[in-house]
Every structure is written in structure tokens, then in C-alpha cells.
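Trainee: Here's a structure for you.
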Number of protein chains: 2
Amino acid sequence: MSTAPFILAASGRRSSHTPVWFMRQAGRSLPEYRAIRGEGSILDAIKAPDRAAELTLQPVRRYGVDAAVLYSDIIVPAHAVGFGIDVSPGTGPVCDAPLRTADDLRRLRPFEPAADAPYVLRAVDMLVAELPESVPLLAFAGAPFTVASYLIEGRPSRTYEHTKQLMHSNPTLWHQLMERLVQHAVASIGGQLDHGARAFQLFDSWAGTLSRADYDTYVLPHSTAVFAALATRHPDIPGIHFGIGCDHLLESMLSAGPKVLGLDWRTPIGDARRRMGASLVVQGNLDPALVLAGAEVALMATDAVLDDNGCLDGERHPGHIFNLGHGVPPNADPDVLQAIVDRVKERTAR
Amino acid sequence: MSTAPFILAASGRRSSHTPVWFMRQAGRSLPEYRAIRGEGSILDAIKAPDRAAELTLQPVRRYGVDAAVLYSDIIVPAHAVGFGIDVSPGTGPVCDAPLRTADDLRRLRPFEPAADAPYVLRAVDMLVAELPESVPLLAFAGAPFTVASYLIEGRPSRTYEHTKQLMHSNPTLWHQLMERLVQHAVASIGGQLDHGARAFQLFDSWAGTLSRADYDTYVLPHSTAVFAALATRHPDIPGIHFGIGCDHLLESMLSAGPKVLGLDWRTPIGDARRRMGASLVVQGNLDPALVLAGAEVALMATDAVLDDNGCLDGERHPGHIFNLGHGVPPNADPDVLQAIVDRVKERTAR
């Protein structure tokens, strides 16, 4: 039985302290990160397993976080099968020919990790050999909706108009696309777990743009399929379901089957447990913008999150994994991040 | 006593049909709009009262909507007092010198509509003379938080990091800034109401980035002050409180004192009334992205909104003003917007 704080907390069991980690790319504000990351697409850095493994380890070494999240990107599977998607530095994922028709779907064949992205599995192998038992490696993939939104919009969007148009005007094609992306997510995470990753996170970062009715009809069955397939393949491995601005969708996202529900700063932990049960295991939820407001503000806000996790029973709830409510800001001060990690560990140590 | 459907619905009284209007800039996808709008900053179009009045009237004439929303912009007051903010076409509001210190606050003196922006009041005068009793003119202003976010960030933001940093690290300056912006909003809307506008909307478009605790501490007292001052000055004039992605803040936004609560598509009307009372008067909430999905999808979604407004008592609730959950997309098909207006009127006529 593992005594890793992350693994214990993910199943609601007491651990030595509340585990803390930062979402990808956790190390991106570090000088040692910039020294080896290089210019150009993140996909190039991911394709060099030594470099991806090192970039994964840097924040673990520097901050002493309780989990290592693979240095990778949610568009790796679609890129690897030759759909025609890349990451443009400063912009994000871009497609020259976005997915709009059934013909475009042919460019999205099933993803075979060992054949299509062996570099990811090599990085996982290196990391599993390197990491101590106390620091699990986390696999991740994009949820079908969020990946679909990149493929359909062709570039970052605030309105998701093409995605919503396809969803509503051609539900048959929509569901075919989502089924394909379920396969991608399951194969991607499953491959990483087969190679020794010990937990995973499904990123549905942009699902919050949907009404709950649309989420339940067009998205939930597919995200549920991802969690179900992974639970069959790896029944003891905990999964986290994460989105931003998803307060209105949380009950549905929980029903998809994760062991851990990711919260952003808009949803107090106490409110989430009042809504979904006192034993709810949550991850979150410091506003990353506050990391940029200096150590004093960031630590006050860290304390507020820890207090929030004690608010139902007056003492620390075991089912809490501390994190930001989104990724680490690229301009975050490493000293502030370190102070946050130290504060979480100190205040929750038993 | 007015029989204008908008005015009746805003106070929860039965009217001939559910009133419908589109948010600013309602006419921006019309060919007649593009013919006279001109290139360059929207502020130039606003400064020509004839043109602003005509741009306000175009969607009323074309679509037969039940309210005319003044062609203007929420940064007019800050621009007019010489803070140093403009609207860059294709980008949005930009400041060369964003507000970060107490010194910067000196550039934001009180706003005097008649002296600082007489062109707005002239456009209001023209519109009030032109519009029939059945179509009220709506005044509007930006809520203190959303205007502050533009002044502080200096350009559109997804993270609002400078705004949150100032709020948390210098609450004294934050509240001074908000008080100044309360004066701006009250003077701006108040001036338009003095000249004959018959309702108003306070746009807190970006408040949804805040947790409810931060909203309640740093924003709510100031938005409450806006509604309170306007209620004293114009006790019978209904106000709408609007934000995007604010599902988690709605109870607080209602407590600020509006007669009407704006909803985006994330919050079902039925849910809002279950949470805040069966007599709640709401405005919304068709997803504007669905206007772009063709008439068939847009009309199905329109029907769903109308059904949602009947869902608590099985017949049409009188306290509903139909609108999109955000502004009209610039690439919206005028025929689809027309079909939506016609559908709302036909299905709700008694």
C-alpha cells in the first residue's frame, strides 16, 4: 500500500500532509526550464524524451511537490496521427485545415501510442525509473470536448462558435468525432499508465462554455466512456476531472466517474462538498492570478484555500489535493510558488 | 401607465408578448450599419450624435425589437475625462498608461455628462424624440469592476492578473478607484435617464472571473451603490444587472438591487427562479454562438429558452425579457436574427 500523500488523498485517506502539485507546465517559469526548453513548438520539446523527462522533473526537484505531471500537451495524439495540428508559440494550437466535415474526420485515425508517439512512452519510462515512491507520475490527456474544440475552431477561441455549430447542426458527425477522441484519450492515458504512471488527469479546460443541457447531451457520455474504459483497464488508478469556469457543470463532471473533482477558484471547496457530498475528494483551487500578486497575497490566499478545506468539520479534510485552479502563469515568481508549497506542507503536517 | 412590453416585463407584469431586444451593438451585422459606421474607433462614431442615433435605430427598424439600446461604449466616461483610453478596432479597449498607482487615479476625475460627453445626451434627445412609446430607449454603463479591469489591464485580458493584484495588494486604492467608477456609472446612466431613457443596463461583463468571496468584498458594495443612487434619482426606472459566466455570482448580483437579472446561456431560467424565487425577472439567454449555426438550430434554441421560461408554472412567466446571453456576433446573419424576433413574438403573443 502506497504512503504517497497524493495517492492517499486521491482516495480520501489521511496522509502526512495535504499533497500539492502544479499543473502543466509546472516548471515553465523556472530559469532552468528556459535554459533547456528551447524556442519553437512545445511539440518539439515533447518529442525529445530526455528533455521532456527533465522538464517534468525540474519542478519536483525545485519545489518538492507531491506529484510529477508529464511534460506533454493535449494535442499530442491528434498531432501524432497526422491530423494537421501544431502549437504556435504565443498563440496556442492551430490547424491549417480545421475539422468541419465528415471528410475531415478521416484525418483523425485511431491513436496507437507505441507506434505514433513512442517518445511519450520513453519519457514515462525514464520518469518512472527516476521518481521516488512518494512522488507519483501523473498521466494526462485532453477530454474529447476540449480537443474537439481545438480541431474544429482551428485556433484559440472565446466563442467556440464553430464547435457549437457542428454540435447542433450535425450531431451525427459530432458524436463520431467524440467517439474517435474517446479512443485517443483512453489510448493516450492508458499507454502512460501501462508504463507506470500512477494517476491521471482529464483536461476539459473549455467545457465551461457549454450549458449543462448541452454538456449532458453532447459531452458527458463521451467523458464517461473515457473514465469507464480506464477504470476497467486500471481499476485502482485515480483519475481527476478538470475544467475552468465549470461551476455550473460540476455535478455532471463528477457523474462522469472521476475519483477526484478539479475545482477552479470560483467554487469554494466547502460549497462543492455541500452540493456533492461531504466525502467529495477535490483538487484546487488557488487563483493563479494571485500567485502574481506577491508572496503576502499568495500566502493569504493559500491559507484561505486550506481553511476552506477544513470548513465542514473544523479540521483538515483528507480528500484534498492542493493546486492552482489553472496552469502556472509563465511569469510566476518561483520564490512565491516555493512559499506556497512550503505553506501547504507546514500547515497541514500531522 | 406604459403598455410597452419591455417596461411591463421588467416589473414582472403581463404584456402583449415577451419583449425581445439585442445587446449592443445590436445592428453591427447589418449592411446598413456597415454603410455608415465608418472605420476607426467606435468612439468617433459615438461622438457624432446623428450617426449614433441612426446606428441605435437601425436594429429597431429592421427587426422590430422592443427596446433601443443607445449606440455607445462602456469606456466613454473614462475616455471623456481624459484618462487615456481608446478602443482599438479588432482588439478592444487599450490604455497607453494603465492604472496601477494612486498617481494614475488622478487621471480619472469625476465625469460630468453635459460637459464631458454632450454628444451622448444629444443622441439621447434625438432618440427620445423619434422612438414610439412602445419602444423604450435603454441607457447603459459599465459596472465599476469591468471598467476598472480595462483601466488596469490596459488591454483585453483572460486572466485579469493586474486587476486581481491591485485588488488584493492595495485594497485602499482599489476601493478609491471603485468609488470613482461608481460616480462615473451613476452620472453616465443618470444623465441618459434625465434626458428620457426609460430603463438601463449595468454591464459587469467580466465579473465572472472572480470568486464569490472576492466579488462580495471588492465589487458588490460598489455595484450596489450604483443601483441605490439611480433608484433614488429615478425610482420607477428598471435596471438590469448583466454579466457573462456569472452563474456562481447571481445571488450576489441580484442583491445589488436590479429589477432584472441578466442570465447567460449557462444558467437555465428555471434554475435561476428555483434559486432566487419564482417571481424573479430575468433577461436572456440564447447562446449567441447558436445564432451562427443557421436558422433551424437558432430557432430550436429560441424555443428552448421560451420553454424554459414556462417551465415552473407551465405557461409563460411574465417576468422575462428575451435576449442573447451576450452581444450580437458581428458575423450574425440578419435573417436569422429576424427569425428569432419573429418567433419570440409569435409564440408568446396572447
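Naming scheme: A, B, ... for chains in displayed order of the C-alpha cells; residues 1 onward per chain; ligands 1 onward as shown.
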Please report as a VMD selection string which residues of chain B come no farther than 10 Å from chain A, using only C-alpha atoms.
Mentor: chain B and resid 158 to 169 208 to 214 245 to 249 264 to 268 287 to 294 296 to 298 300 to 301 329
Trainee: Please report, as JSON lines, each residue of stretch 47-82 of chain B lying at most 10 Å from stretch 119-128 of chain B, together with the nearest pair of atoms and the separation in Å rounded to one decimal; use only C-alpha atoms, and order rows by chain and ascending residue number.
Mentor:
{"residue": "B:Lys47", "atom": "CA", "partner": "B:Tyr119", "partner_atom": "CA", "distance": 5.5}
{"residue": "B:Ala48", "atom": "CA", "partner": "B:Tyr119", "partner_atom": "CA", "distance": 6.7}
{"residue": "B:Pro49", "atom": "CA", "partner": "B:Ala123", "partner_atom": "CA", "distance": 4.6}
{"residue": "B:Asp50", "atom": "CA", "partner": "B:Ala123", "partner_atom": "CA", "distance": 6.6}
{"residue": "B:Arg51", "atom": "CA", "partner": "B:Ala123", "partner_atom": "CA", "distance": 8.4}
{"residue": "B:Ala52", "atom": "CA", "partner": "B:Ala123", "partner_atom": "CA", "distance": 6.3}
{"residue": "B:Ala53", "atom": "CA", "partner": "B:Ala123", "partner_atom": "CA", "distance": 5.3}
{"residue": "B:Glu54", "atom": "CA", "partner": "B:Leu127", "partner_atom": "CA", "distance": 8.6}
{"residue": "B:Thr56", "atom": "CA", "partner": "B:Leu127", "partner_atom": "CA", "distance": 8.1}
{"residue": "B:Leu57", "atom": "CA", "partner": "B:Leu127", "partner_atom": "CA", "distance": 7.8}
{"residue": "B:Ala68", "atom": "CA", "partner": "B:Leu127", "partner_atom": "CA", "distance": 8.8}
{"residue": "B:Leu70", "atom": "CA", "partner": "B:Val124", "partner_atom": "CA", "distance": 7.4}
{"residue": "B:Tyr71", "atom": "CA", "partner": "B:Ala123", "partner_atom": "CA", "distance": 8.8}
{"residue": "B:Ser72", "atom": "CA", "partner": "B:Val120", "partner_atom": "CA", "distance": 7.8}
{"residue": "B:Val76", "atom": "CA", "partner": "B:Val120", "partner_atom": "CA", "distance": 9.1}
Trainee: Go ahead and compute the interatomic distance for atom CA of A:Gly325 and atom CA of A:Ile244, in Å to one decimal.
Mentor: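 About the pair atom CA of A:Gly325 and atom CA of A:Ile244: they are 7.4 Å apart.
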Trainee: Would you list, as a list in words, the residues of stretch 136-166 of chain A that end up in alpha helix (DSSP H) under DSSP run on this structure's backbone?
Mentor: Pro144, Phe145, Thr146, Val147, Ala148, Ser149, Tyr150, Leu151, Ile152, Glu153, Glu161, His162, Thr163, Lys164, Gln165 and Leu166 of chain A
Trainee: Quick one, how far is atom CA of A:Thr101 from atom CA of A:Pro221?
Mentor: 21.8 Å
Trainee: Counting only C-alpha atoms, what is within 7 Å of stretch 180-194 of chain B, bar same-chain residues fewer than 5 positions away, as an mmCIF file with all heavy atoms, in the first residue's frame?
Mentor:
data_model
loop_
_atom_site.group_PDB
_atom_site.id
_atom_site.type_symbol
_atom_site.label_atom_id
_atom_site.label_comp_id
_atom_site.auth_asym_id
_atom_site.auth_seq_id
_atom_site.Cartn_x
_atom_site.Cartn_y
_atom_site.Cartn_z
ATOM 1 N N PRO B 77 -17.146 57.265 -20.476
ATOM 2 C CA PRO B 77 -16.830 58.210 -19.394
ATOM 3 C C PRO B 77 -15.315 58.324 -19.112
ATOM 4 O O PRO B 77 -14.791 59.437 -19.014
ATOM 5 C CB PRO B 77 -17.577 57.634 -18.188
ATOM 6 C CG PRO B 77 -18.730 56.879 -18.793
ATOM 7 C CD PRO B 77 -18.160 56.270 -20.050
ATOM 8 N N PRO B 110 -13.942 63.065 -11.757
ATOM 9 C CA PRO B 110 -15.378 62.792 -11.891
ATOM 10 C C PRO B 110 -15.897 63.133 -13.291
ATOM 11 O O PRO B 110 -15.365 64.023 -13.965
ATOM 12 C CB PRO B 110 -16.002 63.708 -10.829
ATOM 13 C CG PRO B 110 -14.934 63.872 -9.805
ATOM 14 C CD PRO B 110 -13.638 63.896 -10.569
ATOM 15 N N PHE B 111 -16.914 62.413 -13.690
ATOM 16 C CA PHE B 111 -17.492 62.548 -15.035
ATOM 17 C C PHE B 111 -18.723 63.437 -14.976
ATOM 18 O O PHE B 111 -19.618 63.207 -14.152
ATOM 19 C CB PHE B 111 -17.845 61.142 -15.539
ATOM 20 C CG PHE B 111 -18.599 61.111 -16.844
ATOM 21 C CD1 PHE B 111 -18.033 61.608 -18.014
ATOM 22 C CD2 PHE B 111 -19.873 60.553 -16.908
ATOM 23 C CE1 PHE B 111 -18.721 61.559 -19.224
ATOM 24 C CE2 PHE B 111 -20.568 60.491 -18.108
ATOM 25 C CZ PHE B 111 -19.995 61.006 -19.268
ATOM 26 N N GLU B 112 -18.748 64.446 -15.832
ATOM 27 C CA GLU B 112 -19.899 65.358 -15.929
ATOM 28 C C GLU B 112 -20.485 65.221 -17.328
ATOM 29 O O GLU B 112 -19.945 65.801 -18.277
ATOM 30 C CB GLU B 112 -19.442 66.812 -15.706
ATOM 31 C CG GLU B 112 -18.730 67.061 -14.382
ATOM 32 C CD GLU B 112 -19.628 66.862 -13.181
ATOM 33 O OE1 GLU B 112 -20.874 66.881 -13.358
ATOM 34 O OE2 GLU B 112 -19.098 66.642 -12.080
ATOM 35 N N PRO B 113 -21.572 64.477 -17.469
ATOM 36 C CA PRO B 113 -22.050 64.146 -18.817
ATOM 37 C C PRO B 113 -22.268 65.360 -19.721
ATOM 38 O O PRO B 113 -21.862 65.344 -20.878
ATOM 39 C CB PRO B 113 -23.379 63.427 -18.552
ATOM 40 C CG PRO B 113 -23.287 62.933 -17.159
ATOM 41 C CD PRO B 113 -22.396 63.871 -16.420
ATOM 42 N N LEU B 121 -25.692 62.888 -24.813
ATOM 43 C CA LEU B 121 -27.013 63.410 -24.434
ATOM 44 C C LEU B 121 -27.763 63.929 -25.663
ATOM 45 O O LEU B 121 -28.995 63.818 -25.734
ATOM 46 C CB LEU B 121 -26.855 64.495 -23.371
ATOM 47 C CG LEU B 121 -26.170 63.993 -22.083
ATOM 48 C CD1 LEU B 121 -26.008 65.141 -21.089
ATOM 49 C CD2 LEU B 121 -26.954 62.842 -21.451
ATOM 50 N N VAL B 124 -29.253 60.927 -27.222
ATOM 51 C CA VAL B 124 -30.422 60.516 -26.433
ATOM 52 C C VAL B 124 -31.620 61.402 -26.759
ATOM 53 O O VAL B 124 -32.738 60.906 -26.983
ATOM 54 C CB VAL B 124 -30.099 60.556 -24.920
ATOM 55 C CG1 VAL B 124 -31.369 60.341 -24.091
ATOM 56 C CG2 VAL B 124 -29.046 59.510 -24.561
ATOM 57 N N ALA B 139 -30.566 53.133 -21.475
ATOM 58 C CA ALA B 139 -29.259 53.677 -21.121
ATOM 59 C C ALA B 139 -28.365 52.533 -20.676
ATOM 60 O O ALA B 139 -28.844 51.457 -20.314
ATOM 61 C CB ALA B 139 -29.419 54.670 -19.978
ATOM 62 N N PHE B 140 -27.058 52.750 -20.710
ATOM 63 C CA PHE B 140 -26.192 51.739 -20.091
ATOM 64 C C PHE B 140 -24.873 52.347 -19.679
ATOM 65 O O PHE B 140 -24.492 53.449 -20.108
ATOM 66 C CB PHE B 140 -25.979 50.532 -20.998
ATOM 67 C CG PHE B 140 -25.036 50.762 -22.146
ATOM 68 C CD1 PHE B 140 -23.670 50.610 -21.995
ATOM 69 C CD2 PHE B 140 -25.533 51.124 -23.386
ATOM 70 C CE1 PHE B 140 -22.809 50.809 -23.054
ATOM 71 C CE2 PHE B 140 -24.678 51.335 -24.460
ATOM 72 C CZ PHE B 140 -23.307 51.180 -24.292
ATOM 73 N N ALA B 141 -24.192 51.608 -18.820
ATOM 74 C CA ALA B 141 -22.821 51.953 -18.437
ATOM 75 C C ALA B 141 -22.122 50.673 -18.026
ATOM 76 O O ALA B 141 -22.770 49.646 -17.783
ATOM 77 C CB ALA B 141 -22.805 52.955 -17.278
ATOM 78 N N GLY B 142 -20.808 50.737 -17.958
ATOM 79 C CA GLY B 142 -20.038 49.619 -17.427
ATOM 80 C C GLY B 142 -20.083 49.651 -15.919
ATOM 81 O O GLY B 142 -20.063 50.722 -15.300
ATOM 82 N N ALA B 143 -20.175 48.486 -15.318
ATOM 83 C CA ALA B 143 -20.107 48.408 -13.860
ATOM 84 C C ALA B 143 -18.677 48.732 -13.419
ATOM 85 O O ALA B 143 -17.728 48.548 -14.180
ATOM 86 C CB ALA B 143 -20.511 47.016 -13.389
ATOM 87 N N PRO B 144 -18.522 49.194 -12.196
ATOM 88 C CA PRO B 144 -17.185 49.603 -11.742
ATOM 89 C C PRO B 144 -16.113 48.526 -11.947
ATOM 90 O O PRO B 144 -15.007 48.834 -12.403
ATOM 91 C CB PRO B 144 -17.408 49.921 -10.260
ATOM 92 C CG PRO B 144 -18.831 50.416 -10.222
ATOM 93 C CD PRO B 144 -19.568 49.558 -11.219
ATOM 94 N N HIS B 222 -19.936 48.357 -4.375
ATOM 95 C CA HIS B 222 -19.891 49.443 -5.347
ATOM 96 C C HIS B 222 -21.009 49.314 -6.382
ATOM 97 O O HIS B 222 -21.641 50.305 -6.743
ATOM 98 C CB HIS B 222 -18.505 49.486 -5.986
ATOM 99 C CG HIS B 222 -17.415 49.591 -4.957
ATOM 100 N ND1 HIS B 222 -17.223 50.735 -4.213
ATOM 101 C CD2 HIS B 222 -16.515 48.681 -4.493
ATOM 102 C CE1 HIS B 222 -16.231 50.533 -3.352
ATOM 103 N NE2 HIS B 222 -15.782 49.295 -3.502
ATOM 104 N N ALA B 225 -24.040 50.447 -4.754
ATOM 105 C CA ALA B 225 -24.111 51.914 -4.675
ATOM 106 C C ALA B 225 -24.641 52.504 -5.981
ATOM 107 O O ALA B 225 -25.373 53.505 -5.969
ATOM 108 C CB ALA B 225 -22.725 52.489 -4.342
ATOM 109 N N VAL B 226 -24.282 51.895 -7.113
ATOM 110 C CA VAL B 226 -24.784 52.388 -8.405
ATOM 111 C C VAL B 226 -26.303 52.236 -8.463
ATOM 112 O O VAL B 226 -27.032 53.193 -8.770
ATOM 113 C CB VAL B 226 -24.131 51.637 -9.587
ATOM 114 C CG1 VAL B 226 -24.792 52.049 -10.913
ATOM 115 C CG2 VAL B 226 -22.624 51.888 -9.630
ATOM 116 N N ALA B 229 -28.096 54.669 -5.946
ATOM 117 C CA ALA B 229 -28.108 56.082 -6.343
ATOM 118 C C ALA B 229 -29.112 56.307 -7.471
ATOM 119 O O ALA B 229 -29.838 57.310 -7.484
ATOM 120 C CB ALA B 229 -26.709 56.518 -6.775
ATOM 121 N N LEU B 230 -29.164 55.381 -8.412
ATOM 122 C CA LEU B 230 -30.096 55.546 -9.531
ATOM 123 C C LEU B 230 -31.537 55.354 -9.076
ATOM 124 O O LEU B 230 -32.453 56.010 -9.591
ATOM 125 C CB LEU B 230 -29.730 54.583 -10.661
ATOM 126 C CG LEU B 230 -28.410 54.956 -11.369
ATOM 127 C CD1 LEU B 230 -27.944 53.814 -12.280
ATOM 128 C CD2 LEU B 230 -28.561 56.251 -12.170
#
Trainee: Run DSSP on the backbone and give me the residues of stretch 61-228 of chain B it puts in strand (DSSP E), as a list in words.
Mentor: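 Result set for stretch 61-228 of chain B (strand (DSSP E)): Ala68, Val69, Ile85, Asp86, Val87, Ser88, Gly92, Pro93, Val94, Cys95, Leu137, Leu138, Ala139, Phe140, Ala141, Gly142, Ala199, Phe200, Gln201, Leu202 and Phe203 of chain B.
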Trainee: List the neighbours of A:Arg24 out to 7 Å using only C-alpha atoms; skip same-chain residues closer than 4 positions along the sequence, and give me the result as a PyMOL selection string.
Mentor: chain A and resi 69+71+327-328
Trainee: Would you export the selected residues with C-alpha atoms as a PDB file, in the first residue's frame, please?
Mentor:
ATOM      1  CA  VAL A  69       2.959  15.789 -14.251  1.00  0.00           C
ATOM      2  CA  TYR A  71       5.657  17.322 -19.753  1.00  0.00           C
ATOM      3  CA  GLY A 327      -1.842  26.185 -15.017  1.00  0.00           C
ATOM      4  CA  VAL A 328       1.158  28.018 -13.596  1.00  0.00           C
TER       5      VAL A 328
END
Trainee: With only C-alpha atoms as the counted atoms, please give the residues lying no more than 6 Å from stretch 273-281 of chain A, apart from itself and same-chain residues fewer than 5 positions off, as a ChimeraX atom specification.
Mentor: /A:260,319-320
Trainee: Can you write out the residues you just picked, keeping N, CA, C and O atoms, as a PDB file, in the first residue's frame?
Mentor:
ATOM      1  N   VAL A 260     -11.539  12.133  -8.338  1.00  0.00           N
ATOM      2  CA  VAL A 260     -11.216  13.473  -7.834  1.00  0.00           C
ATOM      3  C   VAL A 260     -11.826  14.514  -8.771  1.00  0.00           C
ATOM      4  O   VAL A 260     -11.698  14.404  -9.994  1.00  0.00           O
ATOM      5  N   GLY A 319      -9.530  14.450   1.878  1.00  0.00           N
ATOM      6  CA  GLY A 319      -9.716  14.366   0.434  1.00  0.00           C
ATOM      7  C   GLY A 319      -9.463  15.677  -0.281  1.00  0.00           C
ATOM      8  O   GLY A 319     -10.360  16.203  -0.948  1.00  0.00           O
ATOM      9  N   HIS A 320      -8.268  16.199  -0.129  1.00  0.00           N
ATOM     10  CA  HIS A 320      -7.918  17.463  -0.794  1.00  0.00           C
ATOM     11  C   HIS A 320      -6.505  17.400  -1.354  1.00  0.00           C
ATOM     12  O   HIS A 320      -5.566  17.078  -0.637  1.00  0.00           O
TER      13      HIS A 320
END
Trainee: For stretch 238-241 of chain B, please output as an MDAnalysis selection string all residues within 6 Å (counting only C-alpha atoms; exclusion window: fewer than 3 positions along the same chain).
Mentor: chainID B and resid 199:202 258:262
Trainee: Excluding same-chain residues fewer than 2 positions from stretch 27-30 of chain B, what lies within 10 Å of it counting only C-alpha atoms, as a ChimeraX atom specification?
Mentor: /B:22-25,32-35,37,55-60,62-63,71,327-335,337
